[in-house]
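Asker: Here you go, this is input.txt (compact mmCIF, C-alpha atoms and all ligand atoms).
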# COMPACT_ATOMS: atom_id res chain seq x y z
CA MET O 833 -23.18 0.93 -9.65
CA LYS O 834 -23.52 -1.83 -7.06
CA ILE O 835 -20.23 -3.77 -6.81
CA ASN O 836 -19.53 -6.81 -4.63
CA ILE O 837 -15.92 -7.83 -4.03
CA ILE O 838 -14.89 -11.19 -2.60
CA GLY O 839 -11.53 -10.84 -0.83
CA GLY O 840 -10.06 -7.93 1.11
CA GLY O 841 -6.45 -8.38 -0.03
CA PRO O 842 -4.47 -5.79 -2.03
CA ALA O 843 -6.38 -6.43 -5.29
CA GLY O 844 -9.91 -6.15 -3.85
CA MET O 845 -9.27 -3.18 -1.59
CA TYR O 846 -7.25 -1.19 -4.11
CA PHE O 847 -9.92 -1.65 -6.78
CA ALA O 848 -12.60 -0.50 -4.30
CA ILE O 849 -10.54 2.59 -3.43
CA LEU O 850 -10.03 3.59 -7.07
CA MET O 851 -13.68 3.04 -8.07
CA LYS O 852 -15.01 4.95 -5.08
CA LYS O 853 -12.60 7.79 -5.81
CA ALA O 854 -13.79 7.90 -9.41
CA ASP O 855 -17.46 8.01 -8.38
CA ALA O 856 -18.58 8.38 -4.76
CA GLY O 857 -22.02 7.15 -5.86
CA HIS O 858 -20.78 3.57 -6.40
CA GLU O 859 -21.96 1.18 -3.71
CA LEU O 860 -18.96 -1.04 -2.92
CA THR O 861 -18.95 -3.95 -0.48
CA ILE O 862 -15.95 -6.16 0.28
CA TYR O 863 -16.46 -9.59 1.86
CA GLU O 864 -13.38 -10.79 3.73
CA ARG O 865 -13.14 -14.08 5.66
CA ASN O 866 -10.39 -12.82 7.99
CA GLY O 867 -10.47 -10.16 10.69
CA PRO O 868 -8.82 -6.77 10.06
CA ASP O 869 -5.60 -7.73 11.89
CA ASP O 870 -5.17 -11.29 10.64
CA THR O 871 -2.65 -11.94 7.93
CA PHE O 872 -0.20 -14.49 6.63
CA GLY O 873 3.35 -13.83 5.69
CA TRP O 874 5.76 -11.01 6.40
CA GLY O 875 6.91 -8.41 3.94
CA VAL O 876 6.18 -7.58 0.31
CA VAL O 877 8.37 -5.63 -2.12
CA PHE O 878 7.74 -2.96 -4.74
CA SER O 879 10.09 -1.58 -7.40
CA GLY O 880 10.65 2.16 -7.81
CA LYS O 881 8.57 2.02 -11.01
CA THR O 882 5.60 0.40 -9.26
CA LEU O 883 5.67 3.09 -6.58
CA ALA O 884 5.41 5.80 -9.25
CA THR O 885 2.35 4.01 -10.69
CA LEU O 886 0.74 3.79 -7.23
CA ARG O 887 1.37 7.48 -6.65
CA THR O 888 -0.45 8.44 -9.84
CA ALA O 889 -3.37 6.15 -9.00
CA ASP O 890 -3.90 7.25 -5.38
CA GLU O 891 -1.60 9.76 -3.71
CA PRO O 892 -2.92 9.44 -0.10
CA SER O 893 -2.31 5.68 0.13
CA HIS O 894 1.04 6.07 -1.67
CA THR O 895 2.13 8.63 0.96
CA GLU O 896 1.28 6.21 3.76
CA ILE O 897 2.87 3.21 2.00
CA THR O 898 6.15 5.06 1.49
CA ARG O 899 6.22 6.66 4.96
CA ASP O 900 8.17 3.86 6.65
CA PHE O 901 9.43 1.93 3.69
CA GLN O 902 12.79 0.14 3.83
CA GLY O 903 14.59 0.74 0.52
CA TRP O 904 17.67 -0.81 -1.07
CA ASP O 905 19.36 -0.99 -4.45
CA ASN O 906 21.47 -4.16 -4.13
CA VAL O 907 20.93 -7.83 -4.80
CA ASP O 908 23.34 -9.88 -2.67
CA VAL O 909 24.21 -13.40 -3.73
CA VAL O 910 25.68 -15.48 -0.91
CA CYS O 911 27.25 -18.89 -1.49
CA ARG O 912 29.90 -20.71 0.51
CA ARG O 913 32.10 -17.96 2.03
CA GLU O 914 31.44 -15.34 -0.63
CA LYS O 915 28.95 -12.51 -0.97
CA ILE O 916 28.60 -10.76 -4.32
CA SER O 917 26.62 -7.49 -4.38
CA ILE O 918 25.02 -6.21 -7.56
CA HIS O 919 23.77 -2.62 -7.37
CA GLY O 920 21.27 -0.58 -9.37
CA ASN O 921 18.20 -2.64 -8.46
CA SER O 922 15.88 -0.23 -6.66
CA PHE O 923 13.30 -1.94 -4.44
CA SER O 924 11.46 -1.25 -1.19
CA GLY O 925 9.81 -3.48 1.35
CA ILE O 926 6.76 -3.06 3.58
CA ALA O 927 5.02 -5.41 6.01
CA ARG O 928 2.02 -7.04 4.38
CA LEU O 929 -0.06 -6.29 7.48
CA ARG O 930 0.93 -2.59 7.36
CA LEU O 931 -0.05 -2.42 3.68
CA LEU O 932 -3.43 -4.01 4.42
CA LYS O 933 -4.05 -1.59 7.32
CA ILE O 934 -3.29 1.40 5.06
CA LEU O 935 -5.71 0.13 2.41
CA GLN O 936 -8.38 -0.67 5.02
CA ALA O 937 -8.13 2.86 6.44
CA ARG O 938 -8.38 4.37 2.95
CA CYS O 939 -11.47 2.21 2.19
CA GLU O 940 -13.07 3.41 5.40
CA GLN O 941 -12.24 7.04 4.64
CA LEU O 942 -13.87 6.81 1.21
CA GLY O 943 -16.98 4.93 2.41
CA VAL O 944 -16.26 1.41 1.12
CA THR O 945 -17.97 -1.21 3.31
CA ILE O 946 -15.74 -4.10 4.44
CA ASN O 947 -17.53 -7.05 6.01
CA PHE O 948 -14.75 -8.80 7.94
CA ARG O 949 -15.01 -12.39 9.18
CA THR O 950 -17.46 -13.11 6.37
CA GLU O 951 -16.74 -16.25 4.37
CA VAL O 952 -18.50 -16.25 1.00
CA SER O 953 -19.60 -19.66 -0.19
CA ASN O 954 -22.67 -18.86 -2.28
CA ILE O 955 -20.98 -16.91 -5.05
CA GLU O 956 -23.96 -17.04 -7.40
CA SER O 957 -26.30 -15.29 -4.97
CA LEU O 958 -23.72 -12.54 -4.44
CA ARG O 959 -23.39 -12.19 -8.20
CA ARG O 960 -27.16 -11.82 -8.68
CA ASP O 961 -27.23 -9.17 -6.00
CA CYS O 962 -24.98 -6.70 -7.89
CA GLU O 963 -24.05 -5.26 -11.27
CA LEU O 964 -20.37 -6.23 -10.97
CA LEU O 965 -18.81 -9.11 -9.00
CA ILE O 966 -15.04 -9.11 -8.41
CA GLY O 967 -13.32 -12.38 -7.46
CA ALA O 968 -10.23 -11.04 -5.62
CA ASP O 969 -10.10 -14.03 -3.31
CA GLY O 970 -6.49 -15.11 -3.75
CA VAL O 971 -4.63 -18.13 -5.05
CA ASN O 972 -7.25 -20.67 -3.86
CA SER O 973 -10.12 -18.53 -5.22
CA THR O 974 -13.63 -19.83 -4.50
CA THR O 975 -14.94 -17.59 -7.29
CA ARG O 976 -12.64 -19.26 -9.81
CA GLN O 977 -13.75 -22.70 -8.63
CA ALA O 978 -17.44 -21.79 -8.63
CA PHE O 979 -17.21 -20.58 -12.25
CA ALA O 980 -14.54 -23.01 -13.44
CA LYS O 981 -16.56 -23.74 -16.57
CA GLN O 982 -16.47 -20.10 -17.59
CA PHE O 983 -12.87 -19.27 -16.54
CA LYS O 984 -11.27 -22.59 -17.53
CA PRO O 985 -8.42 -22.31 -15.01
CA ASN O 986 -5.09 -24.05 -15.46
CA LEU O 987 -3.29 -24.78 -12.17
CA SER O 988 0.21 -26.18 -12.14
CA VAL O 989 1.61 -27.33 -8.79
CA ARG O 990 5.38 -26.93 -8.93
CA PRO O 991 7.80 -29.48 -7.43
CA ASN O 992 9.84 -27.26 -5.09
CA LYS O 993 8.80 -26.75 -1.47
CA TYR O 994 9.01 -23.38 0.24
CA ILE O 995 8.25 -21.94 3.66
CA TRP O 996 7.77 -18.26 4.54
CA TYR O 997 9.45 -17.13 7.80
CA GLY O 998 10.48 -13.81 9.30
CA THR O 999 13.64 -12.99 11.28
CA ASN O 1000 15.06 -10.06 13.22
CA GLN O 1001 18.35 -10.37 11.32
CA LEU O 1002 18.22 -7.42 8.90
CA PHE O 1003 19.10 -8.18 5.27
CA HIS O 1004 19.95 -4.84 3.64
CA GLY O 1005 19.03 -5.73 0.09
CA LEU O 1006 17.41 -8.67 -1.64
CA THR O 1007 19.68 -11.42 -0.35
CA LEU O 1008 19.73 -14.78 -2.11
CA THR O 1009 21.63 -17.30 -0.01
CA PHE O 1010 22.53 -20.85 -1.02
CA ARG O 1011 23.59 -23.47 1.53
CA GLU O 1012 24.61 -27.03 0.66
CA THR O 1013 23.92 -29.79 3.19
CA SER O 1014 24.27 -33.56 3.03
CA ALA O 1015 20.51 -33.67 2.16
CA GLY O 1016 20.78 -31.15 -0.71
CA VAL O 1017 20.71 -27.42 -1.46
CA PHE O 1018 18.59 -24.82 0.38
CA ALA O 1019 17.98 -21.34 -1.01
CA ALA O 1020 16.81 -18.40 1.10
CA HIS O 1021 15.15 -15.27 -0.31
CA SER O 1022 15.42 -12.51 2.30
CA TYR O 1023 15.00 -8.73 2.64
CA LYS O 1024 14.18 -6.31 5.44
CA PHE O 1025 10.72 -4.75 5.35
CA ASN O 1026 10.73 -2.61 8.50
CA ARG O 1027 13.31 -1.44 11.04
CA THR O 1028 13.36 -4.73 12.93
CA THR O 1029 12.25 -7.54 10.63
CA SER O 1030 13.14 -9.32 7.40
CA THR O 1031 11.23 -11.80 5.29
CA PHE O 1032 13.10 -15.11 5.08
CA ILE O 1033 11.68 -17.60 2.57
CA VAL O 1034 13.41 -20.98 2.38
CA GLU O 1035 13.09 -23.08 -0.77
CA CYS O 1036 14.38 -26.54 -1.67
CA ASP O 1037 13.77 -29.25 -4.24
CA PRO O 1038 11.56 -32.26 -3.39
CA GLN O 1039 14.57 -34.64 -3.10
CA THR O 1040 16.18 -32.41 -0.47
CA TRP O 1041 12.86 -32.06 1.34
CA GLU O 1042 12.35 -35.84 1.43
CA ALA O 1043 15.95 -36.59 2.42
CA THR O 1044 15.66 -34.20 5.37
CA GLY O 1045 12.44 -35.85 6.52
CA PHE O 1046 10.45 -32.61 6.76
CA GLY O 1047 7.22 -34.52 6.06
CA ALA O 1048 7.33 -36.07 9.55
CA MET O 1049 9.03 -33.17 11.33
CA ALA O 1050 7.17 -30.92 13.80
CA ASP O 1051 7.07 -27.15 13.11
CA ASP O 1052 9.55 -26.28 15.88
CA ALA O 1053 12.00 -28.96 14.76
CA THR O 1054 11.75 -27.69 11.15
CA ARG O 1055 12.56 -24.17 12.29
CA ALA O 1056 15.48 -25.40 14.42
CA TYR O 1057 16.83 -27.43 11.48
CA LEU O 1058 16.72 -24.46 9.11
CA GLU O 1059 18.24 -22.15 11.73
CA LYS O 1060 21.20 -24.54 11.73
CA VAL O 1061 21.42 -24.63 7.93
CA PHE O 1062 21.50 -20.80 7.81
CA ARG O 1063 23.43 -20.31 11.09
CA ASP O 1064 26.13 -18.15 9.46
CA ASP O 1065 23.52 -15.94 7.79
CA LEU O 1066 21.11 -15.45 10.70
CA ASN O 1067 23.85 -14.14 12.94
CA GLY O 1068 22.35 -15.67 16.11
CA HIS O 1069 18.76 -14.61 15.33
CA SER O 1070 16.00 -17.19 15.22
CA LEU O 1071 13.45 -17.76 12.48
CA LEU O 1072 10.01 -16.34 13.34
CA SER O 1073 6.99 -18.42 12.46
CA ASN O 1074 3.55 -17.09 11.60
CA ASN O 1075 1.98 -20.52 11.48
CA SER O 1076 4.53 -21.06 8.67
CA LYS O 1077 4.10 -24.29 6.67
CA TRP O 1078 5.88 -25.91 3.74
CA VAL O 1079 3.89 -25.43 0.53
CA ASN O 1080 4.32 -25.89 -3.20
CA PHE O 1081 4.02 -22.88 -5.48
CA VAL O 1082 0.90 -23.05 -7.66
CA LEU O 1083 1.12 -21.39 -11.06
CA VAL O 1084 -2.36 -20.04 -11.86
CA LYS O 1085 -3.58 -19.13 -15.34
CA ASN O 1086 -7.12 -18.75 -16.71
CA ALA O 1087 -8.22 -19.21 -20.31
CA HIS O 1088 -10.95 -16.60 -19.74
CA TRP O 1089 -10.71 -13.74 -17.28
CA GLN O 1090 -14.32 -12.58 -17.23
CA PHE O 1091 -17.88 -13.43 -18.23
CA GLU O 1092 -21.14 -11.49 -17.99
CA ASN O 1093 -20.67 -9.40 -14.79
CA VAL O 1094 -17.86 -11.40 -13.12
CA VAL O 1095 -14.09 -10.84 -13.30
CA LEU O 1096 -11.08 -12.22 -11.43
CA LEU O 1097 -8.27 -10.01 -10.09
CA GLY O 1098 -4.85 -10.59 -8.51
CA ASP O 1099 -3.72 -14.05 -7.40
CA ALA O 1100 -7.15 -15.52 -8.19
CA LEU O 1101 -6.43 -14.68 -11.84
CA HIS O 1102 -2.69 -15.28 -12.12
CA THR O 1103 0.36 -16.01 -10.01
CA ALA O 1104 4.02 -15.20 -10.62
CA HIS O 1105 6.78 -17.02 -8.74
CA PHE O 1106 7.81 -15.17 -5.55
CA SER O 1107 11.45 -15.03 -6.72
CA ILE O 1108 10.55 -12.02 -8.87
CA GLY O 1109 8.52 -10.52 -6.00
CA SER O 1110 5.62 -9.13 -7.98
CA GLY O 1111 2.41 -10.74 -6.66
CA THR O 1112 1.21 -7.67 -4.77
CA LYS O 1113 2.38 -5.29 -7.48
CA LEU O 1114 0.47 -7.24 -10.14
CA ALA O 1115 -2.64 -7.41 -7.93
CA MET O 1116 -2.66 -3.63 -7.42
CA GLU O 1117 -1.87 -2.90 -11.08
CA ASP O 1118 -4.78 -5.18 -12.08
CA ALA O 1119 -6.99 -2.94 -9.94
CA ILE O 1120 -5.63 0.15 -11.71
CA ALA O 1121 -6.20 -1.38 -15.16
CA LEU O 1122 -9.78 -2.44 -14.37
CA ASN O 1123 -10.57 0.97 -12.93
CA GLU O 1124 -9.23 2.57 -16.14
CA SER O 1125 -11.50 0.35 -18.22
CA PHE O 1126 -14.49 1.64 -16.25
CA ALA O 1127 -13.30 5.19 -16.81
CA ALA O 1128 -13.55 4.50 -20.55
CA THR O 1129 -17.02 2.90 -20.49
CA ARG O 1130 -19.82 2.37 -17.98
CA ASP O 1131 -20.98 -0.75 -19.79
CA VAL O 1132 -19.91 -3.60 -17.49
CA ARG O 1133 -19.38 -6.26 -20.17
CA ALA O 1134 -17.49 -3.87 -22.44
CA ALA O 1135 -15.28 -2.71 -19.56
CA LEU O 1136 -14.46 -6.29 -18.56
CA ARG O 1137 -13.63 -7.22 -22.15
CA GLN O 1138 -11.39 -4.19 -22.49
CA PHE O 1139 -9.64 -5.03 -19.20
CA GLU O 1140 -8.86 -8.54 -20.42
CA ALA O 1141 -7.69 -7.37 -23.85
CA GLU O 1142 -5.32 -4.77 -22.43
CA ARG O 1143 -4.06 -6.49 -19.32
CA ARG O 1144 -3.56 -10.05 -20.59
CA PRO O 1145 -0.40 -9.35 -22.67
CA VAL O 1146 1.21 -7.53 -19.72
CA ILE O 1147 0.48 -10.44 -17.38
CA GLU O 1148 1.63 -13.05 -19.90
CA ASP O 1149 4.90 -11.20 -20.23
CA TYR O 1150 5.39 -11.19 -16.45
CA GLN O 1151 4.42 -14.80 -16.08
CA ALA O 1152 6.92 -15.79 -18.79
CA ALA O 1153 9.75 -13.99 -16.91
CA ALA O 1154 8.63 -15.40 -13.55
CA TYR O 1155 8.48 -18.89 -15.08
CA GLU O 1156 12.13 -18.73 -16.13
CA SER O 1157 13.07 -17.48 -12.67
CA MET O 1158 11.09 -20.30 -11.04
CA LEU O 1159 12.85 -22.90 -13.26
CA TRP O 1160 16.21 -21.47 -12.24
CA PHE O 1161 15.40 -22.06 -8.56
CA GLU O 1162 14.06 -25.53 -9.34
CA LYS O 1163 17.52 -26.31 -10.76
CA ALA O 1164 19.47 -24.36 -8.13
CA ALA O 1165 21.46 -27.47 -7.10
CA ARG O 1166 23.20 -27.34 -10.50
CA TYR O 1167 23.98 -23.64 -10.41
CA VAL O 1168 25.49 -23.53 -6.91
CA ARG O 1169 28.51 -25.40 -8.26
CA LEU O 1170 29.41 -22.32 -10.35
CA PRO O 1171 32.10 -19.94 -9.08
CA PRO O 1172 30.39 -17.10 -7.13
CA LEU O 1173 30.66 -14.39 -9.83
CA GLU O 1174 29.17 -16.72 -12.45
CA LEU O 1175 26.45 -17.82 -10.06
CA ALA O 1176 25.55 -14.16 -9.44
CA PHE O 1177 25.57 -13.40 -13.17
CA SER O 1178 23.39 -16.41 -13.93
CA LEU O 1179 20.94 -15.33 -11.20
CA MET O 1180 20.68 -11.79 -12.53
CA MET O 1181 20.01 -13.05 -16.07
CA ARG O 1182 17.61 -15.82 -15.06
CA SER O 1183 14.29 -14.25 -15.97
CA GLY O 1184 15.38 -13.09 -19.42
CA ARG O 1185 14.28 -9.51 -18.56
CA VAL O 1186 17.82 -8.25 -17.92
CA ASP O 1187 20.50 -8.47 -20.60
CA ARG O 1188 24.22 -7.71 -20.41
CA GLU O 1189 23.77 -4.06 -21.39
CA GLU O 1190 21.10 -3.53 -18.76
CA LEU O 1191 23.28 -5.18 -16.14
CA ARG O 1192 26.23 -2.99 -17.20
CA LYS O 1193 24.03 0.09 -16.80
CA ARG O 1194 22.94 -1.01 -13.33
CA ASP O 1195 26.35 -2.03 -12.01
CA PRO O 1196 29.32 -1.39 -14.36
CA GLU O 1197 31.82 -2.58 -11.75
CA PHE O 1198 30.14 -5.96 -11.36
CA MET O 1199 29.96 -6.43 -15.13
CA ALA O 1200 33.62 -5.47 -15.58
CA GLN O 1201 34.65 -8.01 -12.93
CA PHE O 1202 32.48 -10.70 -14.47
CA GLU O 1203 33.75 -10.05 -18.01
CA ASP O 1204 37.37 -10.15 -16.79
CA VAL O 1205 36.78 -13.61 -15.37
CA GLU O 1206 34.92 -14.65 -18.51
CA ALA O 1207 37.79 -13.48 -20.76
CA TYR O 1208 40.33 -15.24 -18.55
CA ARG O 1209 38.41 -18.53 -18.83
CA ARG O 1210 38.11 -18.16 -22.58
CA ARG O 1211 41.86 -17.67 -22.88
CA ALA O 1212 42.52 -20.62 -20.56
CA ASN O 1213 40.29 -22.85 -22.72
CA THR O 1214 41.95 -21.99 -26.04
C1 LIG O 1301 6.13 -17.10 -0.19
C2 LIG O 1301 5.49 -15.90 -0.83
C3 LIG O 1301 6.23 -14.74 -0.95
C4 LIG O 1301 5.68 -13.62 -1.54
N1 LIG O 1301 6.46 -12.51 -1.67
C5 LIG O 1301 5.93 -11.43 -2.26
C6 LIG O 1301 6.72 -10.27 -2.42
O1 LIG O 1301 7.86 -10.20 -2.03
N2 LIG O 1301 6.18 -9.22 -3.04
C7 LIG O 1301 4.91 -9.25 -3.49
O2 LIG O 1301 4.48 -8.25 -4.05
N3 LIG O 1301 4.12 -10.33 -3.35
C8 LIG O 1301 4.60 -11.43 -2.75
N4 LIG O 1301 3.83 -12.54 -2.61
C9 LIG O 1301 2.51 -12.59 -3.24
C10 LIG O 1301 1.44 -11.86 -2.50
O3 LIG O 1301 1.29 -12.34 -1.20
C11 LIG O 1301 0.13 -12.03 -3.31
O4 LIG O 1301 0.47 -12.11 -4.65
C12 LIG O 1301 -0.81 -10.84 -3.12
O5 LIG O 1301 -1.18 -10.76 -1.80
C13 LIG O 1301 -2.04 -11.01 -4.05
O6 LIG O 1301 -3.08 -10.14 -3.65
P1 LIG O 1301 -4.59 -10.58 -3.81
O7 LIG O 1301 -5.39 -9.44 -3.27
O8 LIG O 1301 -4.85 -11.03 -5.17
O9 LIG O 1301 -4.78 -11.87 -2.90
P2 LIG O 1301 -4.62 -12.09 -1.34
O10 LIG O 1301 -3.68 -11.12 -0.75
O11 LIG O 1301 -4.38 -13.53 -1.15
O12 LIG O 1301 -6.07 -11.72 -0.79
C14 LIG O 1301 -7.21 -12.53 -0.98
C15 LIG O 1301 -8.14 -12.32 0.19
O13 LIG O 1301 -9.36 -13.03 -0.05
C16 LIG O 1301 -9.83 -13.59 1.15
N5 LIG O 1301 -10.71 -14.71 0.79
C17 LIG O 1301 -10.39 -15.82 0.09
N6 LIG O 1301 -11.48 -16.59 -0.10
C18 LIG O 1301 -12.50 -15.95 0.50
C19 LIG O 1301 -13.89 -16.26 0.64
N7 LIG O 1301 -14.41 -17.37 0.12
N8 LIG O 1301 -14.67 -15.40 1.31
C20 LIG O 1301 -14.14 -14.27 1.84
N9 LIG O 1301 -12.84 -13.93 1.73
C21 LIG O 1301 -12.03 -14.76 1.07
C22 LIG O 1301 -8.55 -14.00 1.87
O14 LIG O 1301 -8.75 -14.09 3.27
C23 LIG O 1301 -7.60 -12.86 1.49
O15 LIG O 1301 -7.58 -11.82 2.46
C24 LIG O 1301 4.34 -13.66 -2.02
C25 LIG O 1301 3.58 -14.81 -1.87
C26 LIG O 1301 4.15 -15.92 -1.28
C27 LIG O 1301 3.30 -17.14 -1.13
What do you get writing this file as structure tokens?
Answerer:
Amino acid sequence: MKINIIGGGPAGMYFAILMKKADAGHELTIYERNGPDDTFGWGVVFSGKTLATLRTADEPSHTEITRDFQGWDNVDVVCRREKISIHGNSFSGIARLRLLKILQARCEQLGVTINFRTEVSNIESLRRDCELLIGADGVNSTTRQAFAKQFKPNLSVRPNKYIWYGTNQLFHGLTLTFRETSAGVFAAHSYKFNRTTSTFIVECDPQTWEATGFGAMADDATRAYLEKVFRDDLNGHSLLSNNSKWVNFVLVKNAHWQFENVVLLGDALHTAHFSIGSGTKLAMEDAIALNESFAATRDVRAALRQFEAERRPVIEDYQAAAYESMLWFEKAARYVRLPPLELAFSLMMRSGRVDREELRKRDPEFMAQFEDVEAYRRRANT
């Protein structure tokens, strides 16, 4: 089968790898606007469960991905002078660039063609040229725009601002830090992803952003300002910029996922707020699900329909959890007033995916402490 893929991110490359593995006779071409070493951002995270799925799908790339992974099992919640650690949350981090290099090498090994520095603008001609066209071209997908009538996308631009930095301060665990300033509350999402670097995403509500005057502030001044806000947390390290800019999170949904011989994958198809750290996982699991549909039938339209039918409920479930988590961070200014243990508990419960019993299983000591405080307050209020 002749397959054209727009976008050489995790979704596009992983799908190409799996299809080529399934049948070396497939002719797969990826069109990627960037060069092989260009990337945005810093690290991405995977849960232990996702890693098991990736191992089953493609052992060689899994071996490389896990070779220099940085793992942890704690979520640390930092507010004022307190740090609360909640254990039993197994995650690992890897540099996005390292992940892309591993997938590029695997594509090359299997005979997938990647045309780097190739911007696709005429989607229709690429579609006519193949039996299957994959739109894996990220959150601002040109494929989705070109076929907006067929996909009927729904894009919701959220109010909070965020900016994605790195730092050489190592955060051993997913660390959620809240700092109050005279302008408002800043939240940082941070975790190490190699031996020397951590991701450090700063988020704030639009009122805080306006009050600080970030709109008129130069990049270096923005970095210096945030280094001051998080001075106690960065331990003397600076924030590292990768052309980092303030952006708003865009929640992407599509009423239809496929038509005729075209399908969307990854961020082009759906986004989930970065606070549950699953964008790359979902992109790669989309690739696995689509590949499985082609294992069941060679009929392109039937395979695409099956992919949508099976994958949509899984994605909707994730998006619902990520939505709750996103709302929590949009209202963070309210929650930071809570005493630290209650703040940590509220954070752990925010997506609705973890209940008390699950939390008790993960970290009985934390739950016991929290329930002691809860019982004390109840007694004090009666
Ligand atoms: C602040 C932030 C933090 C995040 N944190 C995490 C995290 O911790 N864990 C995690 O798993 N995920 C995280 N993500 C999400 C993750 O980056 C994406 O979800 C993931 O990369 C999606 O993969 P993709 O292949 O669908 O899209 P992308 O990785 O965006 O790849 C799309 C590719 O298509 C190319 N392209 C686009 N248009 C064209 C065109 N017209 N022609 C040619 N090429 C084109 C682009 O250059 C790009 O390489 C985060 C995202 C953000 C913004």
Asker: Would you mind listing what lies within 12 Å of Thr1044 (chain O) as a list in words, with all atoms listed in the file counted and same-chain residues fewer than 6 positions away left out?
Answerer: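 Skipping anything fewer than 6 positions along the chain leaves Thr1013, Ser1014, Ala1015, Gly1016, Val1017, Phe1018, Cys1036, Asp1037, Pro1038, Ala1053, Thr1054, Tyr1057, Leu1058 and Val1061 of chain O.
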Asker: Which neighbours of Arg1133 (chain O) fall inside 12 Å, counting all atoms listed in the file, when residues of the same chain fewer than 5 positions from it are skipped, and could you give them as a PDB file with C-alpha atoms, in the frame of the given file?
Answerer:
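As written to disk, result_6.pdb reads:
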ATOM      1  CA  GLU O 963     -24.050  -5.260 -11.270  1.00  0.00           C
ATOM      2  CA  LEU O 964     -20.370  -6.230 -10.970  1.00  0.00           C
ATOM      3  CA  LEU O 965     -18.810  -9.110  -9.000  1.00  0.00           C
ATOM      4  CA  TRP O1089     -10.710 -13.740 -17.280  1.00  0.00           C
ATOM      5  CA  GLN O1090     -14.320 -12.580 -17.230  1.00  0.00           C
ATOM      6  CA  PHE O1091     -17.880 -13.430 -18.230  1.00  0.00           C
ATOM      7  CA  GLU O1092     -21.140 -11.490 -17.990  1.00  0.00           C
ATOM      8  CA  ASN O1093     -20.670  -9.400 -14.790  1.00  0.00           C
ATOM      9  CA  VAL O1094     -17.860 -11.400 -13.120  1.00  0.00           C
ATOM     10  CA  VAL O1095     -14.090 -10.840 -13.300  1.00  0.00           C
ATOM     11  CA  LEU O1122      -9.780  -2.440 -14.370  1.00  0.00           C
ATOM     12  CA  SER O1125     -11.500   0.350 -18.220  1.00  0.00           C
ATOM     13  CA  PHE O1126     -14.490   1.640 -16.250  1.00  0.00           C
ATOM     14  CA  GLN O1138     -11.390  -4.190 -22.490  1.00  0.00           C
ATOM     15  CA  PHE O1139      -9.640  -5.030 -19.200  1.00  0.00           C
ATOM     16  CA  GLU O1140      -8.860  -8.540 -20.420  1.00  0.00           C
TER      17      GLU O1140
END
Asker: Which residues are close to Gly903 (chain O), i.e. within 7 Å by only C-alpha atoms, leaving aside same-chain residues fewer than 3 positions away? Reply as a list of chain:residue names.
Answerer: O:Phe923, O:Ser924, O:Gly925
Asker: Do a neighbour search on Trp904 (chain O) at 12 Å with only C-alpha atoms, toss out local chain neighbours closer than 5 positions, and write the hits as a PyMOL selection string.
Answerer: chain O and resi 877-880+917-925+1002-1007+1023-1026
Asker: So that I can check the surroundings of Glu1190 (chain O), please list as an MDAnalysis selection string every protein, DNA and RNA residue that reaches within 12 Å of it, counting all atoms listed in the file and ignoring chain neighbours fewer than 5 positions away.
Answerer: chainID O and resid 919:921 1180:1181 1184:1185 1195:1196 1198:1199
Asker: Store the residues of this selection in a file with C-alpha atoms, as an mmCIF file, in the frame of the given file.
Answerer:
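Heads up, here's the output in again_9.cif:
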data_model
loop_
_atom_site.group_PDB
_atom_site.id
_atom_site.type_symbol
_atom_site.label_atom_id
_atom_site.label_comp_id
_atom_site.auth_asym_id
_atom_site.auth_seq_id
_atom_site.Cartn_x
_atom_site.Cartn_y
_atom_site.Cartn_z
ATOM 1 C CA HIS O 919 23.770 -2.620 -7.370
ATOM 2 C CA GLY O 920 21.270 -0.580 -9.370
ATOM 3 C CA ASN O 921 18.200 -2.640 -8.460
ATOM 4 C CA MET O 1180 20.680 -11.790 -12.530
ATOM 5 C CA MET O 1181 20.010 -13.050 -16.070
ATOM 6 C CA GLY O 1184 15.380 -13.090 -19.420
ATOM 7 C CA ARG O 1185 14.280 -9.510 -18.560
ATOM 8 C CA ASP O 1195 26.350 -2.030 -12.010
ATOM 9 C CA PRO O 1196 29.320 -1.390 -14.360
ATOM 10 C CA PHE O 1198 30.140 -5.960 -11.360
ATOM 11 C CA MET O 1199 29.960 -6.430 -15.130
#
Asker: Could I get the residues of region 903-1003 of chain O with an atom no further than 9 Å from an atom of region 1172-1175 of chain O, each paired with its nearest atom pair and that distance in Å to one decimal, using all atoms listed in the file, sorted by chain and residue number, as JSON lines?
Answerer:
{"residue": "O:Val909", "atom": "CA", "partner": "O:Pro1172", "partner_atom": "CA", "distance": 8.0}
{"residue": "O:Val910", "atom": "CA", "partner": "O:Pro1172", "partner_atom": "CA", "distance": 8.0}
{"residue": "O:Cys911", "atom": "CA", "partner": "O:Pro1172", "partner_atom": "CA", "distance": 6.7}
{"residue": "O:Arg912", "atom": "CA", "partner": "O:Pro1172", "partner_atom": "CA", "distance": 8.5}
{"residue": "O:Glu914", "atom": "CA", "partner": "O:Pro1172", "partner_atom": "CA", "distance": 6.8}
{"residue": "O:Lys915", "atom": "CA", "partner": "O:Pro1172", "partner_atom": "CA", "distance": 7.8}
{"residue": "O:Ile916", "atom": "CA", "partner": "O:Leu1173", "partner_atom": "CA", "distance": 6.9}
Asker: With only C-alpha atoms as the basis for distance, which of O:Arg913, O:Val1082, O:Met851, O:Ala1134 is at the shortest distance from Ile837 (chain O)?
Answerer: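 Nearest to Ile837 (chain O): O:Met851.
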Asker: In Å, with one decimal, what is the gap from CA of Thr999 (chain O) to CA of Ser1070 (chain O)?
Answerer: 6.2 Å
